[in-house]
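> So here's target_27.pdb, just PDB, C-alpha atoms:
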```
ATOM      1  CA  MET D   1     256.297  42.446  -4.212
ATOM      2  CA  ASN D   2     259.880  41.394  -4.866
ATOM      3  CA  ASN D   3     262.550  43.042  -6.988
ATOM      4  CA  ILE D   4     263.913  40.795  -9.708
ATOM      5  CA  SER D   5     266.237  41.256 -12.666
ATOM      6  CA  ILE D   6     264.980  40.793 -16.200
ATOM      7  CA  GLU D   7     267.242  37.766 -16.605
ATOM      8  CA  GLU D   8     265.821  36.106 -13.473
ATOM      9  CA  LEU D   9     262.293  36.923 -14.597
ATOM     10  CA  GLU D  10     262.913  35.381 -18.025
ATOM     11  CA  GLU D  11     264.296  32.224 -16.395
ATOM     12  CA  LYS D  12     261.177  31.891 -14.237
ATOM     13  CA  ILE D  13     258.905  32.393 -17.258
ATOM     14  CA  ASP D  14     260.899  29.826 -19.272
ATOM     15  CA  ALA D  15     260.552  27.395 -16.350
ATOM     16  CA  GLY D  16     256.776  27.841 -16.507
ATOM     17  CA  GLU D  17     256.389  29.718 -13.224
ATOM     18  CA  GLU D  18     253.493  32.146 -12.756
ATOM     19  CA  VAL D  19     255.142  35.546 -12.357
ATOM     20  CA  VAL D  20     252.455  38.133 -12.997
ATOM     21  CA  ASP D  21     250.910  38.288  -9.516
ATOM     22  CA  ARG D  22     254.239  37.977  -7.750
ATOM     23  CA  TYR D  23     256.439  40.388  -9.694
ATOM     24  CA  PHE D  24     254.182  42.870 -11.491
ATOM     25  CA  ASP D  25     252.312  45.786  -9.958
ATOM     26  CA  SER D  26     249.308  46.514 -12.166
ATOM     27  CA  THR D  27     248.767  49.927 -10.555
ATOM     28  CA  THR D  28     252.107  51.303 -11.764
ATOM     29  CA  THR D  29     252.824  49.126 -14.827
ATOM     30  CA  ARG D  30     256.327  48.581 -13.482
ATOM     31  CA  VAL D  31     258.274  45.464 -12.572
ATOM     32  CA  GLY D  32     259.443  45.091  -8.979
ATOM     33  CA  THR D  33     258.723  47.338  -6.029
ATOM     34  CA  PRO D  34     255.803  49.731  -6.607
ATOM     35  CA  ARG D  35     256.883  53.322  -7.183
ATOM     36  CA  GLN D  36     254.897  56.455  -7.749
ATOM     37  CA  MET D  37     254.827  57.204 -11.459
ATOM     38  CA  THR D  38     256.332  60.568 -12.341
ATOM     39  CA  SER D  39     256.923  62.356 -15.583
ATOM     40  CA  ARG D  40     259.959  61.152 -17.463
ATOM     41  CA  ARG D  41     262.249  63.974 -16.459
ATOM     42  CA  ARG D  42     260.209  65.209 -13.503
ATOM     43  CA  GLN D  43     259.257  68.287 -15.476
ATOM     44  CA  ASP D  44     256.378  70.486 -14.504
ATOM     45  CA  ILE D  45     253.432  69.850 -16.780
ATOM     46  CA  VAL D  46     251.458  72.855 -17.997
ATOM     47  CA  THR D  47     248.104  72.493 -19.699
ATOM     48  CA  THR D  48     247.514  74.657 -22.749
ATOM     49  CA  ASN D  49     244.876  75.047 -25.431
ATOM     50  CA  LEU D  50     245.771  74.884 -29.089
ATOM     51  CA  ASP D  51     243.544  75.784 -32.017
ATOM     52  CA  ILE D  52     244.180  73.349 -34.867
ATOM     53  CA  PRO D  53     242.432  73.252 -38.256
ATOM     54  CA  SER D  54     240.179  70.208 -38.583
ATOM     55  CA  LEU D  55     242.108  68.824 -41.567
ATOM     56  CA  MET D  56     245.343  68.918 -39.581
ATOM     57  CA  LEU D  57     243.602  67.317 -36.615
ATOM     58  CA  ASN D  58     242.424  64.504 -38.895
ATOM     59  CA  GLU D  59     246.016  63.975 -40.034
ATOM     60  CA  LEU D  60     247.218  63.855 -36.431
ATOM     61  CA  ASP D  61     244.516  61.342 -35.542
ATOM     62  CA  LYS D  62     245.445  59.200 -38.527
ATOM     63  CA  MET D  63     249.094  59.229 -37.492
ATOM     64  CA  ALA D  64     248.144  58.408 -33.906
ATOM     65  CA  THR D  65     246.145  55.413 -35.113
ATOM     66  CA  GLU D  66     248.999  54.222 -37.339
ATOM     67  CA  LEU D  67     251.472  54.487 -34.441
ATOM     68  CA  SER D  68     249.018  53.160 -31.833
ATOM     69  CA  ILE D  69     249.583  56.150 -29.590
ATOM     70  CA  SER D  70     247.432  59.037 -28.442
ATOM     71  CA  ARG D  71     246.921  62.252 -30.363
ATOM     72  CA  GLN D  72     248.642  64.087 -27.513
ATOM     73  CA  ALA D  73     251.683  61.816 -27.839
ATOM     74  CA  VAL D  74     251.863  62.523 -31.578
ATOM     75  CA  ILE D  75     251.718  66.274 -30.978
ATOM     76  CA  LYS D  76     254.432  66.090 -28.302
ATOM     77  CA  MET D  77     256.604  63.900 -30.523
ATOM     78  CA  MET D  78     256.302  66.291 -33.466
ATOM     79  CA  LEU D  79     256.928  69.370 -31.336
ATOM     80  CA  ARG D  80     260.021  67.756 -29.815
ATOM     81  CA  ARG D  81     261.311  66.882 -33.283
ATOM     82  CA  ALA D  82     260.702  70.433 -34.553
ATOM     83  CA  LEU D  83     262.470  71.953 -31.539
ATOM     84  CA  ASP D  84     265.424  69.591 -31.950
ATOM     85  CA  GLU D  85     265.718  70.447 -35.648
ATOM     86  CA  HIS D  86     265.551  74.153 -34.808
ATOM     87  CA  TYR D  87     268.392  73.905 -32.280
ATOM     88  CA  LEU D  88     270.495  71.741 -34.613
ATOM     89  CA  ALA D  89     270.100  74.253 -37.435
ATOM     90  CA  LYS D  90     270.862  77.137 -35.083
ATOM     91  CA  ASN D  91     274.038  75.435 -33.842
ATOM     92  CA  GLN D  92     275.119  74.589 -37.380
ATOM     93  CA  ILE D  93     274.757  78.244 -38.425
ATOM     94  CA  LYS D  94     276.819  79.284 -35.387
ATOM     95  CA  SER D  95     279.596  76.823 -36.233
ATOM     96  CA  GLU D  96     279.763  78.053 -39.845
ATOM     97  CA  ILE D  97     280.357  81.653 -38.793
TER      98      ILE D  97
END
```
Translate this structure into C-alpha cells?


Amino acid sequence: MNNISIEELEEKIDAGEEVVDRYFDSTTTRVGTPRQMTSRRRQDIVTTNLDIPSLMLNELDKMATELSISRQAVIKMMLRRALDEHYLAKNQIKSEI
C-alpha cells in the first residue's frame, strides 16, 4: 500500500483511475500505510455499567438514529458536553471573584 496525499488521490479519481484497492486499507479504514487503530487520544478505556430509565434510553436511541451514530457515541458526546459546560461555568465563577 502506498502513501498518497488527498490532492494526489483526488487527481487520480478525477482521471478515472481505480484507487480503492491500491490506496485504501479496508481493515483500518485509513488511507495510506496500514496502522493499528488506537483510541483518539490513546486514553485507557474503562468499561462501566449505567442504569438508565427506559424513557431516557428511548430518547438516546432516537437521537442516535437521527445522528446516524451509536447509542454509546451519543452518551459519550453528551457527557463530554456536560463536563465541558461544568468546567466553563467553574472557570467563569473563578474569574468573577

> Excluding segment 71-79 of chain D and residues on its chain fewer than 6 positions from it, collect all residues at most 8 Å away from it, counting only C-alpha atoms, and give them as a PyMOL selection string.

chain D and resi 60-61+63-64

> Could you state the separation of atom CA of Arg22 of chain D and atom CA of Ile4 of chain D in Å, given to one decimal place?

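Computed distance, atom CA of Arg22 of chain D to atom CA of Ile4 of chain D, equals 10.3 Å.
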
> Distance atom CA of Val46 of chain D-atom CA of Ala82 of chain D, one decimal place?

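Atom CA of Ala82 of chain D lies at a distance of 19.1 Å from atom CA of Val46 of chain D.
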
> At what distance in Å, to one decimal, does atom CA of Glu66 of chain D lie from atom CA of Arg80 of chain D?

19.0 Å
